[in-house]
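Visitor: Structure file final.txt (compact mmCIF, C-alpha atoms) is given on the next line.
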# COMPACT_ATOMS: atom_id res chain seq x y z
CA MET A 1 -23.19 -22.04 20.42
CA ARG A 2 -26.27 -20.07 19.55
CA PRO A 3 -26.33 -16.46 20.61
CA PRO A 4 -28.78 -15.63 23.40
CA ALA A 5 -32.37 -15.48 22.22
CA SER A 6 -32.80 -11.91 23.31
CA GLY A 7 -30.33 -10.84 20.67
CA SER A 8 -32.75 -11.02 17.80
CA PRO A 9 -34.20 -9.39 15.79
CA PRO A 10 -30.96 -7.51 15.30
CA SER A 11 -30.75 -4.47 17.48
CA ASP A 12 -30.54 -2.16 14.48
CA ASP A 13 -33.93 -3.44 13.32
CA PRO A 14 -36.88 -1.41 14.56
CA ALA A 15 -39.38 -3.06 16.91
CA PRO A 16 -42.15 -5.16 15.26
CA GLU A 17 -44.68 -2.55 16.36
CA THR A 18 -43.09 -0.12 13.86
CA TYR A 19 -44.51 -2.21 11.05
CA ARG A 20 -48.09 -2.21 12.30
CA ASP A 21 -49.40 0.15 9.59
CA TYR A 22 -47.61 -1.71 6.86
CA LEU A 23 -48.86 -5.08 8.11
CA TYR A 24 -52.40 -3.77 8.38
CA ARG A 25 -52.38 -2.52 4.79
CA PHE A 26 -50.97 -5.83 3.64
CA ALA A 27 -53.71 -7.73 5.51
CA VAL A 28 -56.63 -5.57 4.49
CA LEU A 29 -55.60 -5.77 0.85
CA GLN A 30 -56.16 -9.50 0.99
CA LEU A 31 -58.90 -9.89 3.57
CA ARG A 32 -60.99 -6.82 2.71
CA ASP A 33 -62.23 -6.74 6.25
CA PRO A 34 -60.78 -4.14 8.63
CA HIS A 35 -61.59 -6.12 11.79
CA LEU A 36 -60.19 -9.39 10.51
CA ALA A 37 -57.10 -7.56 9.27
CA GLU A 38 -56.65 -5.84 12.63
CA ASP A 39 -56.88 -9.20 14.45
CA ALA A 40 -54.43 -10.83 12.07
CA VAL A 41 -51.91 -8.04 12.63
CA GLN A 42 -52.37 -8.20 16.39
CA GLU A 43 -51.75 -11.94 16.38
CA THR A 44 -48.74 -11.49 14.16
CA LEU A 45 -47.15 -8.94 16.47
CA LEU A 46 -47.89 -11.19 19.43
CA ALA A 47 -46.38 -14.18 17.68
CA ALA A 48 -43.38 -12.06 16.75
CA VAL A 49 -42.70 -11.26 20.39
CA THR A 50 -42.93 -14.88 21.53
CA ALA A 51 -41.04 -16.29 18.55
CA LYS A 52 -38.35 -13.66 18.57
CA SER A 53 -35.70 -16.23 19.40
CA ARG A 54 -36.31 -18.07 16.16
CA PHE A 55 -35.65 -15.02 14.08
CA ALA A 56 -31.97 -15.31 13.34
CA GLY A 57 -31.63 -12.17 11.32
CA ARG A 58 -31.68 -14.13 8.10
CA SER A 59 -34.12 -11.71 6.56
CA SER A 60 -35.26 -8.22 7.39
CA ALA A 61 -37.74 -7.87 10.22
CA LYS A 62 -40.33 -6.69 7.75
CA THR A 63 -39.95 -9.78 5.58
CA TRP A 64 -40.05 -11.98 8.64
CA LEU A 65 -43.24 -10.35 9.97
CA THR A 66 -44.84 -10.51 6.53
CA GLY A 67 -44.13 -14.24 6.51
CA ILE A 68 -45.94 -14.74 9.82
CA LEU A 69 -48.85 -12.59 8.71
CA LYS A 70 -49.14 -14.45 5.41
CA HIS A 71 -49.78 -17.70 7.28
CA LYS A 72 -52.46 -16.06 9.40
CA ILE A 73 -54.09 -14.59 6.31
CA ALA A 74 -54.01 -17.93 4.51
CA ASP A 75 -55.91 -19.50 7.44
CA LEU A 76 -58.42 -16.66 7.50
CA VAL A 77 -58.98 -16.79 3.74
CA ARG A 78 -59.58 -20.52 4.02
CA LYS A 79 -62.15 -19.75 6.69
CA GLN A 80 -63.70 -17.01 4.54
CA SER A 81 -63.96 -19.45 1.65
CA ARG A 82 -65.94 -21.80 3.87
CA GLU A 83 -68.13 -19.21 5.53
CA THR A 84 -68.81 -16.90 2.58
CA PRO A 85 -68.25 -19.06 -0.47
CA LEU A 86 -67.66 -17.11 -3.64
CA ALA A 87 -67.96 -20.10 -5.94
CA ASP A 88 -71.37 -19.03 -7.24
CA ALA A 89 -70.33 -15.42 -7.75
CA ILE A 90 -67.24 -16.63 -9.57
CA LYS A 91 -69.21 -18.92 -11.85
CA VAL A 92 -71.50 -16.07 -12.77
CA GLU A 93 -68.61 -13.69 -13.38
CA ALA A 94 -66.54 -16.21 -15.29
CA THR A 95 -69.29 -17.12 -17.73
CA ARG A 96 -70.44 -13.62 -18.59
CA GLU A 97 -70.56 -13.25 -22.36
CA SER A 98 -69.36 -9.69 -22.44
CA ASP A 99 -67.27 -7.85 -19.96
CA GLU A 100 -66.08 -4.39 -19.08
CA PHE A 101 -62.99 -4.91 -21.22
CA ASP A 102 -64.87 -5.28 -24.50
CA ALA A 103 -64.53 -1.56 -25.09
CA LEU A 104 -60.76 -1.96 -25.25
CA PHE A 105 -61.08 -3.95 -28.45
CA ARG A 106 -62.46 -3.31 -31.90
CA GLN A 107 -64.94 -5.57 -33.63
CA ASN A 108 -62.07 -7.69 -34.94
CA GLU A 109 -60.71 -8.16 -31.39
CA HIS A 110 -57.63 -6.04 -31.95
CA TRP A 111 -56.88 -3.18 -29.58
CA SER A 112 -58.87 -0.01 -29.97
CA SER A 113 -56.95 1.53 -27.06
CA PRO A 114 -53.65 -0.35 -26.95
CA PRO A 115 -51.72 -0.73 -23.70
CA ARG A 116 -48.99 1.86 -23.32
CA ASP A 117 -45.31 1.51 -22.64
CA TRP A 118 -44.80 1.76 -18.87
CA GLY A 119 -41.08 2.26 -19.18
CA ASN A 120 -38.40 0.62 -17.13
CA PRO A 121 -39.99 -1.88 -14.69
CA GLU A 122 -37.31 -1.39 -12.03
CA ARG A 123 -38.00 2.31 -12.01
CA ALA A 124 -41.71 1.67 -11.71
CA LEU A 125 -41.10 -0.47 -8.65
CA GLU A 126 -39.16 2.36 -7.06
CA ASN A 127 -41.93 4.83 -7.80
CA LYS A 128 -44.20 5.69 -4.89
CA HIS A 129 -47.08 6.66 -7.17
CA PHE A 130 -46.95 3.20 -8.69
CA TRP A 131 -47.47 1.59 -5.28
CA GLU A 132 -50.23 4.03 -4.33
CA ALA A 133 -52.02 3.24 -7.57
CA LEU A 134 -51.51 -0.51 -7.15
CA GLU A 135 -53.03 -0.42 -3.69
CA ASP A 136 -56.00 1.62 -4.91
CA CYS A 137 -56.54 -0.56 -7.94
CA ALA A 138 -56.34 -3.80 -5.96
CA THR A 139 -59.00 -2.43 -3.64
CA LEU A 140 -61.27 -1.71 -6.60
CA MET A 141 -61.33 -5.33 -7.79
CA SER A 142 -64.54 -7.20 -7.09
CA PRO A 143 -64.30 -9.46 -4.01
CA ALA A 144 -64.51 -12.67 -6.02
CA VAL A 145 -61.82 -11.58 -8.47
CA ALA A 146 -59.62 -10.24 -5.69
CA ARG A 147 -59.77 -13.40 -3.61
CA VAL A 148 -58.60 -15.59 -6.48
CA PHE A 149 -55.94 -13.08 -7.52
CA MET A 150 -54.47 -12.69 -4.03
CA MET A 151 -54.41 -16.45 -3.50
CA ARG A 152 -52.45 -16.80 -6.69
CA GLU A 153 -50.12 -13.81 -6.58
CA ILE A 154 -49.59 -13.06 -2.91
CA GLN A 155 -50.07 -16.44 -1.27
CA GLY A 156 -48.46 -18.15 -4.23
CA LEU A 157 -50.98 -21.00 -4.54
CA SER A 158 -51.23 -22.95 -7.77
CA THR A 159 -54.44 -22.77 -9.80
CA GLU A 160 -55.17 -26.37 -8.76
CA GLU A 161 -54.92 -25.46 -5.09
CA ILE A 162 -57.13 -22.41 -5.60
CA CYS A 163 -59.77 -24.44 -7.44
CA LYS A 164 -59.88 -26.94 -4.63
CA GLU A 165 -60.13 -24.33 -1.92
CA VAL A 166 -62.66 -22.07 -3.62
CA GLY A 167 -64.61 -24.83 -5.35
CA ILE A 168 -64.37 -23.66 -8.97
CA SER A 169 -63.11 -25.22 -12.20
CA THR A 170 -59.60 -24.62 -13.51
CA THR A 171 -60.99 -22.78 -16.51
CA ASN A 172 -63.00 -20.45 -14.30
CA CYS A 173 -59.91 -19.85 -12.26
CA TRP A 174 -57.95 -18.79 -15.36
CA VAL A 175 -60.80 -16.55 -16.45
CA MET A 176 -60.86 -14.87 -13.04
CA LEU A 177 -57.12 -14.35 -13.02
CA HIS A 178 -57.29 -12.88 -16.52
CA ARG A 179 -60.03 -10.55 -15.38
CA ALA A 180 -58.03 -9.51 -12.34
CA ARG A 181 -54.96 -8.70 -14.42
CA MET A 182 -56.98 -6.89 -17.08
CA SER A 183 -58.61 -4.69 -14.49
CA LEU A 184 -55.39 -4.05 -12.59
CA ARG A 185 -53.41 -3.02 -15.66
CA LEU A 186 -56.19 -0.83 -16.97
CA CYS A 187 -56.66 0.83 -13.61
CA LEU A 188 -52.89 1.30 -13.18
CA GLU A 189 -52.59 2.88 -16.58
CA GLN A 190 -55.31 5.35 -15.70
CA LYS A 191 -54.37 6.07 -12.09
CA TRP A 192 -50.63 5.85 -12.27
CA LEU A 193 -49.90 7.22 -15.72
CA GLY A 194 -53.05 9.26 -16.10
CA ASP A 195 -53.57 11.03 -19.37
CA GLY A 196 -50.21 12.66 -19.47
CA ALA A 197 -46.65 11.44 -19.72
CA GLY A 198 -44.92 8.71 -17.72
CA GLY A 199 -45.43 8.23 -14.00
CA ALA A 200 -41.78 8.43 -13.02
CA MET B 201 -53.51 -15.12 -36.78
CA ILE B 202 -54.75 -14.89 -33.21
CA THR B 203 -56.43 -11.70 -32.07
CA CYS B 204 -55.19 -9.28 -29.42
CA LYS B 205 -58.05 -10.29 -27.17
CA GLU B 206 -57.00 -13.93 -27.40
CA VAL B 207 -53.43 -12.91 -26.78
CA THR B 208 -54.37 -11.27 -23.47
CA HIS B 209 -55.80 -14.64 -22.37
CA LEU B 210 -52.70 -16.54 -23.48
CA ILE B 211 -50.34 -14.12 -21.77
CA SER B 212 -52.37 -14.23 -18.58
CA GLU B 213 -52.65 -18.03 -18.62
CA GLY B 214 -48.93 -18.22 -19.30
CA HIS B 215 -48.54 -17.00 -15.72
CA ASP B 216 -50.66 -19.89 -14.42
CA ARG B 217 -50.00 -22.90 -16.65
CA ARG B 218 -47.54 -24.11 -19.25
CA LEU B 219 -48.76 -23.06 -22.69
CA SER B 220 -48.75 -25.64 -25.49
CA LEU B 221 -46.16 -25.42 -28.23
CA SER B 222 -48.65 -24.10 -30.77
CA GLU B 223 -49.91 -21.53 -28.28
CA ARG B 224 -46.37 -20.37 -27.64
CA ILE B 225 -45.60 -20.10 -31.35
CA GLY B 226 -48.81 -18.22 -32.07
CA LEU B 227 -48.14 -15.89 -29.19
CA ARG B 228 -44.55 -15.22 -30.21
CA LEU B 229 -45.53 -14.46 -33.82
CA HIS B 230 -48.23 -12.10 -32.67
CA LEU B 231 -45.93 -10.29 -30.23
CA MET B 232 -43.36 -9.73 -32.95
CA MET B 233 -45.90 -7.70 -34.87
CA CYS B 234 -48.02 -6.10 -32.15
CA ASN B 235 -46.76 -3.26 -30.04
CA GLY B 236 -49.88 -3.08 -27.85
CA CYS B 237 -49.64 -6.74 -26.89
CA ARG B 238 -45.91 -6.42 -26.16
CA ASN B 239 -46.75 -3.59 -23.79
CA PHE B 240 -49.51 -5.72 -22.25
CA ASP B 241 -47.01 -8.54 -21.74
CA ALA B 242 -44.55 -6.20 -20.02
CA GLN B 243 -47.32 -4.76 -17.84
CA LEU B 244 -48.39 -8.19 -16.55
CA ARG B 245 -44.77 -9.06 -15.81
CA LEU B 246 -44.44 -5.89 -13.81
CA ILE B 247 -47.65 -6.62 -11.88
CA ARG B 248 -46.35 -10.09 -11.05
CA LYS B 249 -43.03 -8.66 -9.90
CA ALA B 250 -44.78 -6.10 -7.75
CA CYS B 251 -46.91 -8.82 -6.15
CA GLN B 252 -43.79 -10.86 -5.42
CA ARG B 253 -42.28 -7.87 -3.65
CA LEU B 254 -45.48 -7.48 -1.70
CA ALA B 255 -45.48 -11.16 -0.74
CA ASN B 256 -41.87 -10.89 0.40
CA GLY B 257 -42.53 -7.87 2.55
CA GLU B 258 -40.48 -5.62 0.29
CA ALA B 259 -43.20 -3.26 -0.88
CA PRO B 260 -43.60 0.29 0.41
CA LEU B 261 -47.24 -0.02 1.46
CA ASP B 262 -46.93 2.28 4.42
CA PRO B 263 -46.99 5.88 3.12
CA ARG B 264 -44.16 6.70 5.54
CA GLU B 265 -41.93 4.34 3.58
CA ARG B 266 -42.66 5.95 0.27
Once you've parsed the file, please lay out its structure as structure tokens.
Guide:
Amino acid sequence: MRPPASGSPPSDDPAPETYRDYLYRFAVLQLRDPHLAEDAVQETLLAAVTAKSRFAGRSSAKTWLTGILKHKIADLVRKQSRETPLADAIKVEATRESDEFDALFRQNEHWSSPPRDWGNPERALENKHFWEALEDCATLMSPAVARVFMMREIQGLSTEEICKEVGISTTNCWVMLHRARMSLRLCLEQKWLGDGAGGA
Amino acid sequence: MITCKEVTHLISEGHDRRLSLSERIGLRLHLMMCNGCRNFDAQLRLIRKACQRLANGEAPLDPRER
């Protein structure tokens, strides 16, 4: 026998509404549109209330809500890709001869300012400054770069799926992902670690 | 010998496609000798891990959780 539907999420889990701020930040990071993000969160919380019975406490409420929101965001990003295609912007960005990262390398393409040791990764992930910096840095990515990056890393799409949805070549997709990672790591190193010692 | 700049592309693409055998060998040889690129490699792994936490709803995005 299944327990009564009203029993979940587990009573020790806070109400979905508690996660509104978190969900909003998660949505706006990917959609870059406050109104769209707000709507997506609203729909998620609504869906959470009506689908409560299907949440069997297998995961935390936060993970469960994130899962619902991710689906909504995926739909919205698909819509964004149709309505404001970034394919042209991506092609321009991906075929630029020089980029903002050239200064990191010497003439012979070896590092002029080598990446630093960020220390123990588990400790970084427990560090609040790391997450603050990550959020800031993700927001600073150009819209075209960010869309491809989020599709890959947050929505977990393959490069093939991204190419199809955005309408770019596989090579351009790799170039964009490289650019996204280059800019994120550089920005993190500056914002999180700054000029001084480690961020922990 | 591949350059550091090329290595950043290989490491990044290694997150998105399977590298060829010769690419993997070239990359490994380079990493054995290059501290900066080893750090770069570790940084991208951390970024991926962080994104996975985000995607799983395990990241402290809300300042109240930090």
Visitor: To one decimal place, how far is CA of Ile247 in chain B from CA of Leu140 in chain A in Å?
Guide: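 Distance between the two atoms: 15.4 Å.
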Visitor: Rank nothing, just name the residue among A:Leu134, A:Met141, A:Leu86, A:Cys163 nearest to chain B, using all atoms listed in the file.
Guide: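 Closest candidate: A:Leu134.
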Visitor: So that I can see what lies close to Arg20 in chain A, please list as a VMD selection string the residues with an atom at most 12 Å from it, counting all atoms listed in the file and leaving out residues fewer than 4 positions away in the same chain.
Guide: (chain A and resid 14 to 16 24 to 27 37 to 46 48 61 to 62 65 to 66 69) or (chain B and resid 261 to 262 264)
Visitor: Tell me as a PyMOL selection string which residues belonging to chain B come within 8 Å of chain A, counting all atoms listed in the file.
Guide: chain B and resi 203-206+208-209+212-213+216+236-237+239-240+243-244+246-248+250-252+254-262+266
Visitor: Write out, as a JSON list (two decimals), in the coordinates of the input, the residues just selected, with C-alpha atoms.
Guide:
[["chain", "number", "residue", "atom", "x", "y", "z"],
["B", 203, "THR", "CA", -56.43, -11.70, -32.07],
["B", 204, "CYS", "CA", -55.19, -9.28, -29.42],
["B", 205, "LYS", "CA", -58.05, -10.29, -27.17],
["B", 206, "GLU", "CA", -57.00, -13.93, -27.40],
["B", 208, "THR", "CA", -54.37, -11.27, -23.47],
["B", 209, "HIS", "CA", -55.80, -14.64, -22.37],
["B", 212, "SER", "CA", -52.37, -14.23, -18.58],
["B", 213, "GLU", "CA", -52.65, -18.03, -18.62],
["B", 216, "ASP", "CA", -50.66, -19.89, -14.42],
["B", 236, "GLY", "CA", -49.88, -3.08, -27.85],
["B", 237, "CYS", "CA", -49.64, -6.74, -26.89],
["B", 239, "ASN", "CA", -46.75, -3.59, -23.79],
["B", 240, "PHE", "CA", -49.51, -5.72, -22.25],
["B", 243, "GLN", "CA", -47.32, -4.76, -17.84],
["B", 244, "LEU", "CA", -48.39, -8.19, -16.55],
["B", 246, "LEU", "CA", -44.44, -5.89, -13.81],
["B", 247, "ILE", "CA", -47.65, -6.62, -11.88],
["B", 248, "ARG", "CA", -46.35, -10.09, -11.05],
["B", 250, "ALA", "CA", -44.78, -6.10, -7.75],
["B", 251, "CYS", "CA", -46.91, -8.82, -6.15],
["B", 252, "GLN", "CA", -43.79, -10.86, -5.42],
["B", 254, "LEU", "CA", -45.48, -7.48, -1.70],
["B", 255, "ALA", "CA", -45.48, -11.16, -0.74],
["B", 256, "ASN", "CA", -41.87, -10.89, 0.40],
["B", 257, "GLY", "CA", -42.53, -7.87, 2.55],
["B", 258, "GLU", "CA", -40.48, -5.62, 0.29],
["B", 259, "ALA", "CA", -43.20, -3.26, -0.88],
["B", 260, "PRO", "CA", -43.60, 0.29, 0.41],
["B", 261, "LEU", "CA", -47.24, -0.02, 1.46],
["B", 262, "ASP", "CA", -46.93, 2.28, 4.42],
["B", 266, "ARG", "CA", -42.66, 5.95, 0.27]]
Visitor: In Å, how far is it from CA of Ala242 in chain B to CA of Thr139 in chain A?
Guide: 22.2 Å
Visitor: So how far away is CA of Met176 in chain A from CA of Ile90 in chain A, in Å?
Guide: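 So the two atoms, CA of Ile90 in chain A and CA of Met176 in chain A, lie 7.5 Å apart.
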Visitor: Restricting the calculation to only C-alpha atoms, which member of A:Arg123, A:Asp75, A:Arg82, A:Ala144 is positioned closest to Arg32 in chain A?
Guide: A:Ala144
Visitor: Show which residues sit within 12 Å of range 222-225 of chain B, as a PyMOL selection string. Count all atoms listed in the file, and ignore same-chain residues fewer than 2 positions away.
Guide: chain B and resi 201-202+206-207+209-211+213-214+217-220+227-232
Visitor: With distances taken over only C-alpha atoms, which residue among A:Val28, A:Ile168, A:Ile68, A:Leu193 lies nearest Thr95 in chain A?
Guide: A:Ile168
